[in-house]
>>> print(open('run_30.pdb').read())   # PDB, C-alpha atoms
MODEL        1
ATOM      1  CA  MET A   1     134.966 113.642-126.129
ATOM      2  CA  THR A   2     137.825 111.234-126.771
ATOM      3  CA  GLU A   3     136.868 107.617-127.440
ATOM      4  CA  THR A   4     139.170 104.606-127.642
ATOM      5  CA  MET A   5     138.685 101.887-130.227
ATOM      6  CA  SER A   6     140.187  98.395-129.838
ATOM      7  CA  VAL A   7     141.664  97.335-133.163
ATOM      8  CA  GLY A   8     143.129  93.868-133.025
ATOM      9  CA  ASP A   9     146.115  93.868-130.683
ATOM     10  CA  ALA A  10     146.154  97.681-130.411
ATOM     11  CA  ALA A  11     143.908 100.565-129.382
ATOM     12  CA  LEU A  12     143.435 103.938-131.024
ATOM     13  CA  ALA A  13     141.980 107.070-129.447
ATOM     14  CA  TYR A  14     139.930 109.461-131.545
ATOM     15  CA  THR A  15     137.352 112.234-131.418
ATOM     16  CA  GLU A  16     134.427 112.577-133.787
ATOM     17  CA  SER A  17     132.393 115.602-134.864
ATOM     18  CA  GLY A  18     130.219 116.809-137.714
ATOM     19  CA  SER A  19     128.396 114.785-140.340
ATOM     20  CA  GLY A  20     128.764 114.243-144.041
ATOM     21  CA  ASP A  21     131.568 113.032-146.284
ATOM     22  CA  PRO A  22     134.199 111.626-143.878
ATOM     23  CA  ILE A  23     137.625 113.166-143.256
ATOM     24  CA  VAL A  24     140.266 111.418-141.167
ATOM     25  CA  TRP A  25     142.833 113.800-139.635
ATOM     26  CA  LEU A  26     146.338 112.453-138.927
ATOM     27  CA  HIS A  27     148.754 114.475-136.796
ATOM     28  CA  GLY A  28     152.548 114.869-136.784
ATOM     29  CA  SER A  29     155.161 113.189-134.618
ATOM     30  CA  GLY A  30     156.441 116.181-132.654
ATOM     31  CA  PRO A  31     156.716 116.031-128.864
ATOM     32  CA  GLY A  32     153.348 116.608-127.235
ATOM     33  CA  ALA A  33     151.506 116.111-130.518
ATOM     34  CA  THR A  34     147.929 114.873-130.411
ATOM     35  CA  GLY A  35     145.107 114.906-132.875
ATOM     36  CA  ALA A  36     143.432 117.718-130.959
ATOM     37  CA  SER A  37     146.585 119.847-130.730
ATOM     38  CA  ASN A  38     147.100 119.630-134.487
ATOM     39  CA  PHE A  39     143.514 119.897-135.682
ATOM     40  CA  GLY A  40     141.176 120.795-132.821
ATOM     41  CA  ALA A  41     140.758 124.369-134.059
ATOM     42  CA  THR A  42     140.638 123.320-137.722
ATOM     43  CA  VAL A  43     137.656 120.992-137.868
ATOM     44  CA  SER A  44     135.149 123.733-137.018
ATOM     45  CA  ALA A  45     135.616 124.903-140.610
ATOM     46  CA  PHE A  46     134.634 121.398-141.804
ATOM     47  CA  ALA A  47     131.450 120.818-139.803
ATOM     48  CA  ASP A  48     129.690 119.613-142.962
ATOM     49  CA  HIS A  49     131.992 116.582-142.908
ATOM     50  CA  ARG A  50     132.206 113.663-140.517
ATOM     51  CA  ASN A  51     135.545 114.426-138.864
ATOM     52  CA  ILE A  52     137.602 111.699-137.202
ATOM     53  CA  ILE A  53     140.654 113.125-135.417
ATOM     54  CA  VAL A  54     143.033 110.328-134.479
ATOM     55  CA  ASP A  55     145.753 110.032-131.837
ATOM     56  CA  LEU A  56     148.283 107.883-133.666
ATOM     57  CA  PRO A  57     149.813 104.921-131.756
ATOM     58  CA  GLY A  58     152.084 106.151-128.974
ATOM     59  CA  TRP A  59     150.856 109.749-129.049
ATOM     60  CA  GLY A  60     148.090 111.407-127.059
ATOM     61  CA  SER A  61     145.742 108.855-125.530
ATOM     62  CA  SER A  62     146.724 105.992-127.837
ATOM     63  CA  PRO A  63     149.080 103.460-126.231
ATOM     64  CA  ARG A  64     152.153 102.305-128.106
ATOM     65  CA  PRO A  65     151.976  98.554-128.728
ATOM     66  CA  ALA A  66     155.194  96.595-128.956
ATOM     67  CA  THR A  67     156.131  96.355-132.634
ATOM     68  CA  ASP A  68     159.275  96.289-134.759
ATOM     69  CA  GLU A  69     157.327  97.456-137.798
ATOM     70  CA  PRO A  70     158.106 100.935-139.184
ATOM     71  CA  LEU A  71     155.893 103.486-137.426
ATOM     72  CA  ILE A  72     154.165 104.709-140.581
ATOM     73  CA  TYR A  73     153.277 101.170-141.671
ATOM     74  CA  HIS A  74     151.989 100.157-138.247
ATOM     75  CA  ALA A  75     149.936 103.322-137.756
ATOM     76  CA  ALA A  76     148.401 103.060-141.224
ATOM     77  CA  GLU A  77     147.067  99.587-140.458
ATOM     78  CA  GLN A  78     145.583 100.723-137.127
ATOM     79  CA  VAL A  79     143.894 103.731-138.739
ATOM     80  CA  THR A  80     142.421 101.550-141.481
ATOM     81  CA  ARG A  81     141.071  99.115-138.892
ATOM     82  CA  THR A  82     139.550 102.018-136.956
ATOM     83  CA  MET A  83     137.832 103.286-140.096
ATOM     84  CA  THR A  84     136.342  99.829-140.594
ATOM     85  CA  ALA A  85     135.159  99.638-136.982
ATOM     86  CA  LEU A  86     133.509 103.063-137.362
ATOM     87  CA  GLY A  87     131.704 101.981-140.520
ATOM     88  CA  ILE A  88     133.739 104.262-142.789
ATOM     89  CA  ASP A  89     134.363 102.569-146.125
ATOM     90  CA  ARG A  90     136.094 105.540-147.722
ATOM     91  CA  ALA A  91     137.382 108.871-146.425
ATOM     92  CA  HIS A  92     139.492 111.830-147.385
ATOM     93  CA  LEU A  93     142.771 111.819-145.456
ATOM     94  CA  VAL A  94     144.466 114.934-144.101
ATOM     95  CA  GLY A  95     147.976 114.278-142.821
ATOM     96  CA  ASN A  96     150.472 116.656-141.231
ATOM     97  CA  SER A  97     154.162 115.641-141.330
ATOM     98  CA  TYR A  98     154.333 112.071-139.917
ATOM     99  CA  GLY A  99     150.565 111.833-140.385
ATOM    100  CA  GLY A 100     151.106 112.635-144.059
ATOM    101  CA  GLY A 101     153.321 109.579-144.340
ATOM    102  CA  VAL A 102     150.603 107.497-142.667
ATOM    103  CA  ALA A 103     148.039 108.852-145.137
ATOM    104  CA  MET A 104     150.280 107.966-148.084
ATOM    105  CA  ARG A 105     150.756 104.447-146.752
ATOM    106  CA  ILE A 106     146.976 103.938-146.522
ATOM    107  CA  ALA A 107     146.615 105.240-150.078
ATOM    108  CA  VAL A 108     149.150 102.639-151.236
ATOM    109  CA  THR A 109     147.882  99.621-149.297
ATOM    110  CA  ARG A 110     144.124 100.389-149.267
ATOM    111  CA  PRO A 111     143.487 102.634-152.291
ATOM    112  CA  GLU A 112     139.767 101.850-152.277
ATOM    113  CA  ARG A 113     139.487 103.387-148.788
ATOM    114  CA  VAL A 114     140.843 106.808-149.812
ATOM    115  CA  GLY A 115     139.030 109.686-151.466
ATOM    116  CA  ARG A 116     141.505 112.539-151.681
ATOM    117  CA  LEU A 117     144.806 113.156-149.927
ATOM    118  CA  ILE A 118     145.771 116.459-148.345
ATOM    119  CA  LEU A 119     149.369 116.318-147.140
ATOM    120  CA  MET A 120     151.103 119.112-145.240
ATOM    121  CA  ALA A 121     154.888 118.734-145.552
ATOM    122  CA  PRO A 122     154.508 114.953-145.259
ATOM    123  CA  GLY A 123     157.078 112.678-143.663
ATOM    124  CA  GLY A 124     158.293 109.307-144.846
ATOM    125  CA  VAL A 125     160.173 110.562-147.912
ATOM    126  CA  LEU A 126     163.775 111.587-147.246
ATOM    127  CA  PRO A 127     166.386 112.905-149.682
ATOM    128  CA  ALA A 128     169.380 110.698-150.335
ATOM    129  CA  ASP A 129     171.725 113.122-148.532
ATOM    130  CA  ALA A 130     169.866 113.087-145.159
ATOM    131  CA  PRO A 131     171.287 113.361-142.563
ATOM    132  CA  PRO A 132     172.321 116.069-141.819
ATOM    133  CA  TRP A 133     168.846 116.846-140.540
ATOM    134  CA  PRO A 134     167.022 120.167-140.848
ATOM    135  CA  VAL A 135     167.099 122.171-137.627
ATOM    136  CA  GLY A 136     163.475 121.335-136.783
ATOM    137  CA  LEU A 137     164.141 117.593-136.947
ATOM    138  CA  GLN A 138     167.319 118.056-134.919
ATOM    139  CA  HIS A 139     165.249 119.621-132.127
ATOM    140  CA  LEU A 140     162.534 116.970-132.435
ATOM    141  CA  PHE A 141     164.994 114.069-132.164
ATOM    142  CA  ALA A 142     166.906 115.727-129.311
ATOM    143  CA  TYR A 143     163.671 116.177-127.366
ATOM    144  CA  MET A 144     162.685 112.555-127.946
ATOM    145  CA  ALA A 145     166.116 111.367-126.828
ATOM    146  CA  ALA A 146     166.172 113.402-123.595
ATOM    147  CA  GLU A 147     165.644 111.367-120.431
ATOM    148  CA  LYS A 148     163.889 114.341-118.831
ATOM    149  CA  PRO A 149     162.938 116.922-121.463
ATOM    150  CA  SER A 150     162.672 120.531-120.350
ATOM    151  CA  ARG A 151     160.061 123.189-120.971
ATOM    152  CA  GLU A 152     162.826 125.353-122.464
ATOM    153  CA  ALA A 153     163.506 122.646-125.053
ATOM    154  CA  MET A 154     159.795 122.507-125.855
ATOM    155  CA  ALA A 155     159.672 126.287-126.242
ATOM    156  CA  ALA A 156     162.582 126.177-128.690
ATOM    157  CA  PHE A 157     160.879 123.397-130.663
ATOM    158  CA  VAL A 158     157.511 125.176-130.871
ATOM    159  CA  ARG A 159     159.132 128.438-132.018
ATOM    160  CA  LEU A 160     160.764 126.570-134.893
ATOM    161  CA  MET A 161     157.363 125.363-136.065
ATOM    162  CA  VAL A 162     156.036 128.859-136.845
ATOM    163  CA  TYR A 163     157.333 131.785-138.896
ATOM    164  CA  ASP A 164     155.542 134.301-136.666
ATOM    165  CA  GLU A 165     156.925 133.464-133.231
ATOM    166  CA  SER A 166     154.131 135.416-131.526
ATOM    167  CA  LEU A 167     151.987 132.372-132.346
ATOM    168  CA  ALA A 168     154.214 130.284-130.061
ATOM    169  CA  THR A 169     152.263 131.391-127.025
ATOM    170  CA  GLU A 170     153.126 130.431-123.457
ATOM    171  CA  ALA A 171     149.812 128.567-123.261
ATOM    172  CA  LEU A 172     150.645 126.544-126.377
ATOM    173  CA  ILE A 173     154.121 125.721-125.071
ATOM    174  CA  ASP A 174     152.667 124.633-121.727
ATOM    175  CA  GLU A 175     150.040 122.469-123.434
ATOM    176  CA  ARG A 176     152.581 120.702-125.633
ATOM    177  CA  TYR A 177     155.072 120.281-122.807
ATOM    178  CA  GLU A 178     152.539 118.739-120.432
ATOM    179  CA  ALA A 179     151.246 116.435-123.179
ATOM    180  CA  SER A 180     154.794 115.319-123.970
ATOM    181  CA  LEU A 181     155.369 114.300-120.354
ATOM    182  CA  ARG A 182     152.216 112.175-120.384
ATOM    183  CA  ALA A 183     153.204 110.339-123.570
ATOM    184  CA  HIS A 184     156.931 110.767-124.125
ATOM    185  CA  PRO A 185     157.732 108.381-127.006
ATOM    186  CA  GLU A 186     160.376 105.754-126.285
ATOM    187  CA  LEU A 187     161.831 105.415-129.766
ATOM    188  CA  PRO A 188     165.205 104.893-131.387
ATOM    189  CA  ILE A 189     166.701 108.141-132.665
ATOM    190  CA  PRO A 190     166.058 108.764-135.471
ATOM    191  CA  PRO A 191     162.847 106.727-135.318
ATOM    192  CA  ASN A 192     162.172 104.032-137.902
ATOM    193  CA  PHE A 193     159.339 105.794-139.675
ATOM    194  CA  GLY A 194     159.633 103.769-142.883
ATOM    195  CA  ASP A 195     160.387 104.887-146.428
ATOM    196  CA  MET A 196     157.488 105.694-148.736
ATOM    197  CA  THR A 197     159.678 106.858-151.641
ATOM    198  CA  PRO A 198     159.475 103.670-153.760
ATOM    199  CA  ASP A 199     155.690 103.552-153.345
ATOM    200  CA  LEU A 200     154.842 107.095-154.468
ATOM    201  CA  PRO A 201     153.933 106.058-158.062
ATOM    202  CA  ARG A 202     151.369 103.620-156.599
ATOM    203  CA  ILE A 203     149.292 106.419-155.033
ATOM    204  CA  ALA A 204     146.233 106.770-157.236
ATOM    205  CA  ALA A 205     144.360 109.332-155.127
ATOM    206  CA  ARG A 206     144.327 112.906-156.283
ATOM    207  CA  THR A 207     146.700 114.651-153.903
ATOM    208  CA  LEU A 208     147.121 118.187-152.623
ATOM    209  CA  LEU A 209     150.490 119.062-151.086
ATOM    210  CA  VAL A 210     150.516 122.146-148.867
ATOM    211  CA  TRP A 211     153.857 123.529-147.722
ATOM    212  CA  GLY A 212     155.114 126.492-145.738
ATOM    213  CA  ARG A 213     157.838 128.180-147.763
ATOM    214  CA  GLU A 214     160.032 128.709-144.693
ATOM    215  CA  ASP A 215     159.523 125.214-143.213
ATOM    216  CA  GLN A 216     162.617 124.263-141.210
ATOM    217  CA  THR A 217     161.464 120.758-140.298
ATOM    218  CA  VAL A 218     160.429 119.178-143.611
ATOM    219  CA  PRO A 219     161.875 121.793-145.972
ATOM    220  CA  LEU A 220     160.337 122.809-149.262
ATOM    221  CA  THR A 221     163.416 121.446-151.059
ATOM    222  CA  TRP A 222     162.103 117.958-150.176
ATOM    223  CA  ALA A 223     158.770 118.573-151.931
ATOM    224  CA  PRO A 224     159.714 117.823-155.571
ATOM    225  CA  THR A 225     160.308 114.122-154.892
ATOM    226  CA  ILE A 226     156.719 113.757-153.683
ATOM    227  CA  LEU A 227     155.228 116.154-156.225
ATOM    228  CA  HIS A 228     156.771 114.290-159.147
ATOM    229  CA  GLY A 229     156.437 110.863-157.545
ATOM    230  CA  ILE A 230     152.661 110.863-157.028
ATOM    231  CA  PRO A 231     150.983 110.719-160.452
ATOM    232  CA  ASP A 232     148.122 113.119-159.639
ATOM    233  CA  ALA A 233     149.653 115.625-157.217
ATOM    234  CA  GLU A 234     149.631 119.407-157.036
ATOM    235  CA  LEU A 235     151.533 121.728-154.705
ATOM    236  CA  ARG A 236     150.496 124.910-152.919
ATOM    237  CA  VAL A 237     153.205 126.903-151.156
ATOM    238  CA  LEU A 238     152.317 129.510-148.532
ATOM    239  CA  PRO A 239     154.903 132.223-147.846
ATOM    240  CA  HIS A 240     155.835 133.467-144.364
ATOM    241  CA  CYS A 241     154.924 130.057-142.978
ATOM    242  CA  ARG A 242     156.825 127.154-141.478
ATOM    243  CA  HIS A 243     155.732 123.631-140.538
ATOM    244  CA  TRP A 244     152.331 124.127-138.905
ATOM    245  CA  VAL A 245     150.469 125.367-141.972
ATOM    246  CA  GLN A 246     147.000 124.581-140.608
ATOM    247  CA  TYR A 247     147.767 126.593-137.459
ATOM    248  CA  GLU A 248     149.835 129.478-138.769
ATOM    249  CA  ARG A 249     147.819 130.115-141.945
ATOM    250  CA  ALA A 250     144.465 128.706-140.864
ATOM    251  CA  PRO A 251     142.124 130.794-143.087
ATOM    252  CA  GLU A 252     144.123 130.081-146.243
ATOM    253  CA  PHE A 253     144.562 126.421-145.348
ATOM    254  CA  ASN A 254     140.843 125.943-144.707
ATOM    255  CA  ARG A 255     139.907 127.674-147.953
ATOM    256  CA  ILE A 256     142.395 125.707-150.053
ATOM    257  CA  VAL A 257     141.342 122.362-148.595
ATOM    258  CA  ARG A 258     137.621 123.103-148.840
ATOM    259  CA  GLU A 259     138.015 124.056-152.508
ATOM    260  CA  PHE A 260     139.957 120.870-153.175
ATOM    261  CA  LEU A 261     137.307 118.718-151.486
ATOM    262  CA  ALA A 262     134.404 120.594-153.093
ATOM    263  CA  ASP A 263     135.932 119.809-156.466
ATOM    264  CA  ALA A 264     135.984 116.139-155.449
ATOM    265  CA  GLY A 265     132.280 116.315-154.618
ATOM    266  CA  ALA A 266     131.475 117.963-157.943
ATOM    267  CA  ALA A 267     133.410 115.278-159.801
ATOM    268  CA  THR A 268     131.491 112.537-157.976
ATOM    269  CA  GLN A 269     128.147 114.138-158.867
ATOM    270  CA  ALA A 270     129.172 114.487-162.511
ATOM    271  CA  LYS A 271     130.020 110.780-162.695
ATOM    272  CA  GLY A 272     126.689 109.922-161.082
TER     273      GLY A 272
ENDMDL
END
>>> encode(input="run_30.pdb", output="structure tokens")
Amino acid sequence: MTETMSVGDAALAYTESGSGDPIVWLHGSGPGATGASNFGATVSAFADHRNIIVDLPGWGSSPRPATDEPLIYHAAEQVTRTMTALGIDRAHLVGNSYGGGVAMRIAVTRPERVGRLILMAPGGVLPADAPPWPVGLQHLFAYMAAEKPSREAMAAFVRLMVYDESLATEALIDERYEASLRAHPELPIPPNFGDMTPDLPRIAARTLLVWGREDQTVPLTWAPTILHGIPDAELRVLPHCRHWVQYERAPEFNRIVREFLADAGAATQAKG
């Protein structure tokens, strides 16, 4: 069940499940995105963790407060406040796309609150020659800019997110389209997400980057900046996969992440 937490002058919606070492799950910025749409089917593989799935400000059931602050910076502060309100001193962060940028921002500003980072094609780090935008971002921005977005536009967007277009089911398209109409972001195009590039060397958390080789939204060619910028980062690339790694390659994603987190647990026990 979705709960809403008041955090200062904002409110953040979230769902909670499982028990154990906490994981906070941070979704992407695509139209119709919510925490549940990105990770609802994923957390069942992590039932031995306390899972907090967040709706970031302005998406899902979380209202968008008036702010001129870059979206990543604002969202990171709200997520950190929510962790505090939930009694979570430290958590692993899993961030998809925009949510990856939010996770990186928390790791920079509140390093003591972060265990490990798992980032799937994270946002917030752009190459110097962007724009032009990759085709996935072109569709995302066009959808956001539309006064009355269409289901056909949503279908085109969802199909770009997956390598195997059979995974872009009519039910999934309907779900995302209806969610986008309930919480259609009113943002400048392109949105002011914020730039994490200068801060990458300040990320102390051990970091796992997971990328779909055929990603057309945050392309693999953008990965080296993050891989070489974060001091303790490693990269896993999954072939025949686009932007929604956790959805399109769920078994491999779950295995890779569980191994990465199990190694964190073993390291903690060894230090103890």
>>> resolve_selection(input="run_30.pdb", expression="the PyMOL selection byres ((chain A and resi 188-197) around 9)", output="list in words")
Asp68, Glu69, Pro70, Leu71, Ile72, Tyr73, Tyr98, Gly101, Met104, Arg105, Gly123, Gly124, Val125, Leu126, Phe141, Ala142, Met144, Ala145, Glu186, Leu187, Pro198, Asp199, Leu200, Pro201, Thr225, Ile226 and Gly229 of chain A
>>> write_last_selection(input="run_30.pdb", atoms="C-alpha atoms", output="short mmCIF file (atom, residue, chain, number, x, y, z; two decimals), keeping the file's coordinate frame")
data_model
loop_
_atom_site.label_atom_id
_atom_site.label_comp_id
_atom_site.auth_asym_id
_atom_site.auth_seq_id
_atom_site.Cartn_x
_atom_site.Cartn_y
_atom_site.Cartn_z
CA ASP A 68 159.28 96.29 -134.76
CA GLU A 69 157.33 97.46 -137.80
CA PRO A 70 158.11 100.94 -139.18
CA LEU A 71 155.89 103.49 -137.43
CA ILE A 72 154.16 104.71 -140.58
CA TYR A 73 153.28 101.17 -141.67
CA TYR A 98 154.33 112.07 -139.92
CA GLY A 101 153.32 109.58 -144.34
CA MET A 104 150.28 107.97 -148.08
CA ARG A 105 150.76 104.45 -146.75
CA GLY A 123 157.08 112.68 -143.66
CA GLY A 124 158.29 109.31 -144.85
CA VAL A 125 160.17 110.56 -147.91
CA LEU A 126 163.78 111.59 -147.25
CA PHE A 141 164.99 114.07 -132.16
CA ALA A 142 166.91 115.73 -129.31
CA MET A 144 162.68 112.56 -127.95
CA ALA A 145 166.12 111.37 -126.83
CA GLU A 186 160.38 105.75 -126.28
CA LEU A 187 161.83 105.42 -129.77
CA PRO A 198 159.48 103.67 -153.76
CA ASP A 199 155.69 103.55 -153.34
CA LEU A 200 154.84 107.10 -154.47
CA PRO A 201 153.93 106.06 -158.06
CA THR A 225 160.31 114.12 -154.89
CA ILE A 226 156.72 113.76 -153.68
CA GLY A 229 156.44 110.86 -157.54
#
>>> resolve_selection(input="run_30.pdb", expression="the PyMOL selection byres ((chain A and resi 122) around 6)", output="ChimeraX atom specification")
/A:96-97,100-101,119-121,123
>>> write_last_selection(input="run_30.pdb", atoms="C-alpha atoms", output="mmCIF file, in the coordinates of the input")
data_model
loop_
_atom_site.group_PDB
_atom_site.id
_atom_site.type_symbol
_atom_site.label_atom_id
_atom_site.label_comp_id
_atom_site.auth_asym_id
_atom_site.auth_seq_id
_atom_site.Cartn_x
_atom_site.Cartn_y
_atom_site.Cartn_z
ATOM 1 C CA ASN A 96 150.472 116.656 -141.231
ATOM 2 C CA SER A 97 154.162 115.641 -141.330
ATOM 3 C CA GLY A 100 151.106 112.635 -144.059
ATOM 4 C CA GLY A 101 153.321 109.579 -144.340
ATOM 5 C CA LEU A 119 149.369 116.318 -147.140
ATOM 6 C CA MET A 120 151.103 119.112 -145.240
ATOM 7 C CA ALA A 121 154.888 118.734 -145.552
ATOM 8 C CA GLY A 123 157.078 112.678 -143.663
#
>>> residues_around(input="run_30.pdb", residues="A:Gly20", least_positions_apart="5", cutoff="12 Å", atoms="only C-alpha atoms", output="CSV table (one decimal) with C-alpha atoms, in the coordinates of the input")
chain,number,residue,atom,x,y,z
A,46,PHE,CA,134.6,121.4,-141.8
A,47,ALA,CA,131.4,120.8,-139.8
A,48,ASP,CA,129.7,119.6,-143.0
A,49,HIS,CA,132.0,116.6,-142.9
A,50,ARG,CA,132.2,113.7,-140.5
A,51,ASN,CA,135.5,114.4,-138.9
A,52,ILE,CA,137.6,111.7,-137.2
A,88,ILE,CA,133.7,104.3,-142.8
A,90,ARG,CA,136.1,105.5,-147.7
A,91,ALA,CA,137.4,108.9,-146.4
A,92,HIS,CA,139.5,111.8,-147.4
A,265,GLY,CA,132.3,116.3,-154.6
>>> residues_around(input="run_30.pdb", residues="stretch 231-235 of chain A", least_positions_apart="6", cutoff="10 Å", atoms="all atoms listed in the file", output="list in words")
Leu117, Ile118, Leu119, Met120, Leu200, Pro201, Arg202, Ile203, Ala204, Ala205, Arg206, Thr207, Leu208, Leu209, Val210, Trp211, Ala223 and Pro224 of chain A
>>> closest_atom_pairs(input="run_30.pdb", of="stretch 15-48 of chain A", to="stretch 154-169 of chain A", cutoff="10 Å", atoms="all atoms listed in the file", output="JSON lines")
{"residue": "A:Gly30", "atom": "CA", "partner": "A:Phe157", "partner_atom": "CA", "distance": 8.7}
{"residue": "A:Pro31", "atom": "CA", "partner": "A:Met154", "partner_atom": "CA", "distance": 7.8}
{"residue": "A:Gly32", "atom": "CA", "partner": "A:Met154", "partner_atom": "CA", "distance": 8.8}
>>> write_last_selection(input="run_30.pdb", atoms="C-alpha atoms", output="PDB file, keeping the file's coordinate frame")
ATOM      1  CA  GLY A  30     156.441 116.181-132.654  1.00  0.00           C
ATOM      2  CA  PRO A  31     156.716 116.031-128.864  1.00  0.00           C
ATOM      3  CA  GLY A  32     153.348 116.608-127.235  1.00  0.00           C
TER       4      GLY A  32
END
>>> resolve_selection(input="run_30.pdb", expression="the PyMOL selection byres ((chain A and resi 38) around 12)", output="ChimeraX atom specification")
/A:25-37,39-43,53-56,59-60,94-99,120,161,172,175-176,243-248,250
>>> write_last_selection(input="run_30.pdb", atoms="C-alpha atoms", output="CSV table (one decimal), in the coordinates of the input")
chain,number,residue,atom,x,y,z
A,25,TRP,CA,142.8,113.8,-139.6
A,26,LEU,CA,146.3,112.5,-138.9
A,27,HIS,CA,148.8,114.5,-136.8
A,28,GLY,CA,152.5,114.9,-136.8
A,29,SER,CA,155.2,113.2,-134.6
A,30,GLY,CA,156.4,116.2,-132.7
A,31,PRO,CA,156.7,116.0,-128.9
A,32,GLY,CA,153.3,116.6,-127.2
A,33,ALA,CA,151.5,116.1,-130.5
A,34,THR,CA,147.9,114.9,-130.4
A,35,GLY,CA,145.1,114.9,-132.9
A,36,ALA,CA,143.4,117.7,-131.0
A,37,SER,CA,146.6,119.8,-130.7
A,39,PHE,CA,143.5,119.9,-135.7
A,40,GLY,CA,141.2,120.8,-132.8
A,41,ALA,CA,140.8,124.4,-134.1
A,42,THR,CA,140.6,123.3,-137.7
A,43,VAL,CA,137.7,121.0,-137.9
A,53,ILE,CA,140.7,113.1,-135.4
A,54,VAL,CA,143.0,110.3,-134.5
A,55,ASP,CA,145.8,110.0,-131.8
A,56,LEU,CA,148.3,107.9,-133.7
A,59,TRP,CA,150.9,109.7,-129.0
A,60,GLY,CA,148.1,111.4,-127.1
A,94,VAL,CA,144.5,114.9,-144.1
A,95,GLY,CA,148.0,114.3,-142.8
A,96,ASN,CA,150.5,116.7,-141.2
A,97,SER,CA,154.2,115.6,-141.3
A,98,TYR,CA,154.3,112.1,-139.9
A,99,GLY,CA,150.6,111.8,-140.4
A,120,MET,CA,151.1,119.1,-145.2
A,161,MET,CA,157.4,125.4,-136.1
A,172,LEU,CA,150.6,126.5,-126.4
A,175,GLU,CA,150.0,122.5,-123.4
A,176,ARG,CA,152.6,120.7,-125.6
A,243,HIS,CA,155.7,123.6,-140.5
A,244,TRP,CA,152.3,124.1,-138.9
A,245,VAL,CA,150.5,125.4,-142.0
A,246,GLN,CA,147.0,124.6,-140.6
A,247,TYR,CA,147.8,126.6,-137.5
A,248,GLU,CA,149.8,129.5,-138.8
A,250,ALA,CA,144.5,128.7,-140.9
>>> residues_near_point(input="run_30.pdb", point="(134.0, 107.2, -137.8)", cutoff="9 Å", atoms="only C-alpha atoms", output="number ranges by chain")
A: 14-16, 22-24, 50-52, 82-88
>>> atom_distance(input="run_30.pdb", atom1="atom CA of A:Arg116", atom2="atom CA of A:Leu261")
7.5 Å
>>> closest_residue(input="run_30.pdb", among="A:Tyr177, A:Arg182, A:Ala171, A:Val135", to="A:Ala153", atoms="all atoms listed in the file")
A:Tyr177
>>> closest_residue(input="run_30.pdb", among="A:Ala75, A:Pro131, A:Ser6, A:Ala262", to="A:Asp21", atoms="all atoms listed in the file")
A:Ala262
>>> atom_distance(input="run_30.pdb", atom1="atom CA of A:His240", atom2="atom CA of A:Arg213")
6.6 Å
>>> atom_distance(input="run_30.pdb", atom1="atom CA of A:Glu170", atom2="atom CA of A:Arg151")
10.3 Å
>>> closest_residue(input="run_30.pdb", among="A:Glu214, A:Ala13, A:Gly8, A:Arg236", to="A:Gly58", atoms="all atoms listed in the file")
A:Ala13
>>> closest_residue(input="run_30.pdb", among="A:His228, A:Leu181, A:Arg249, A:Asp129", to="A:Lys148", atoms="all atoms listed in the file")
A:Leu181
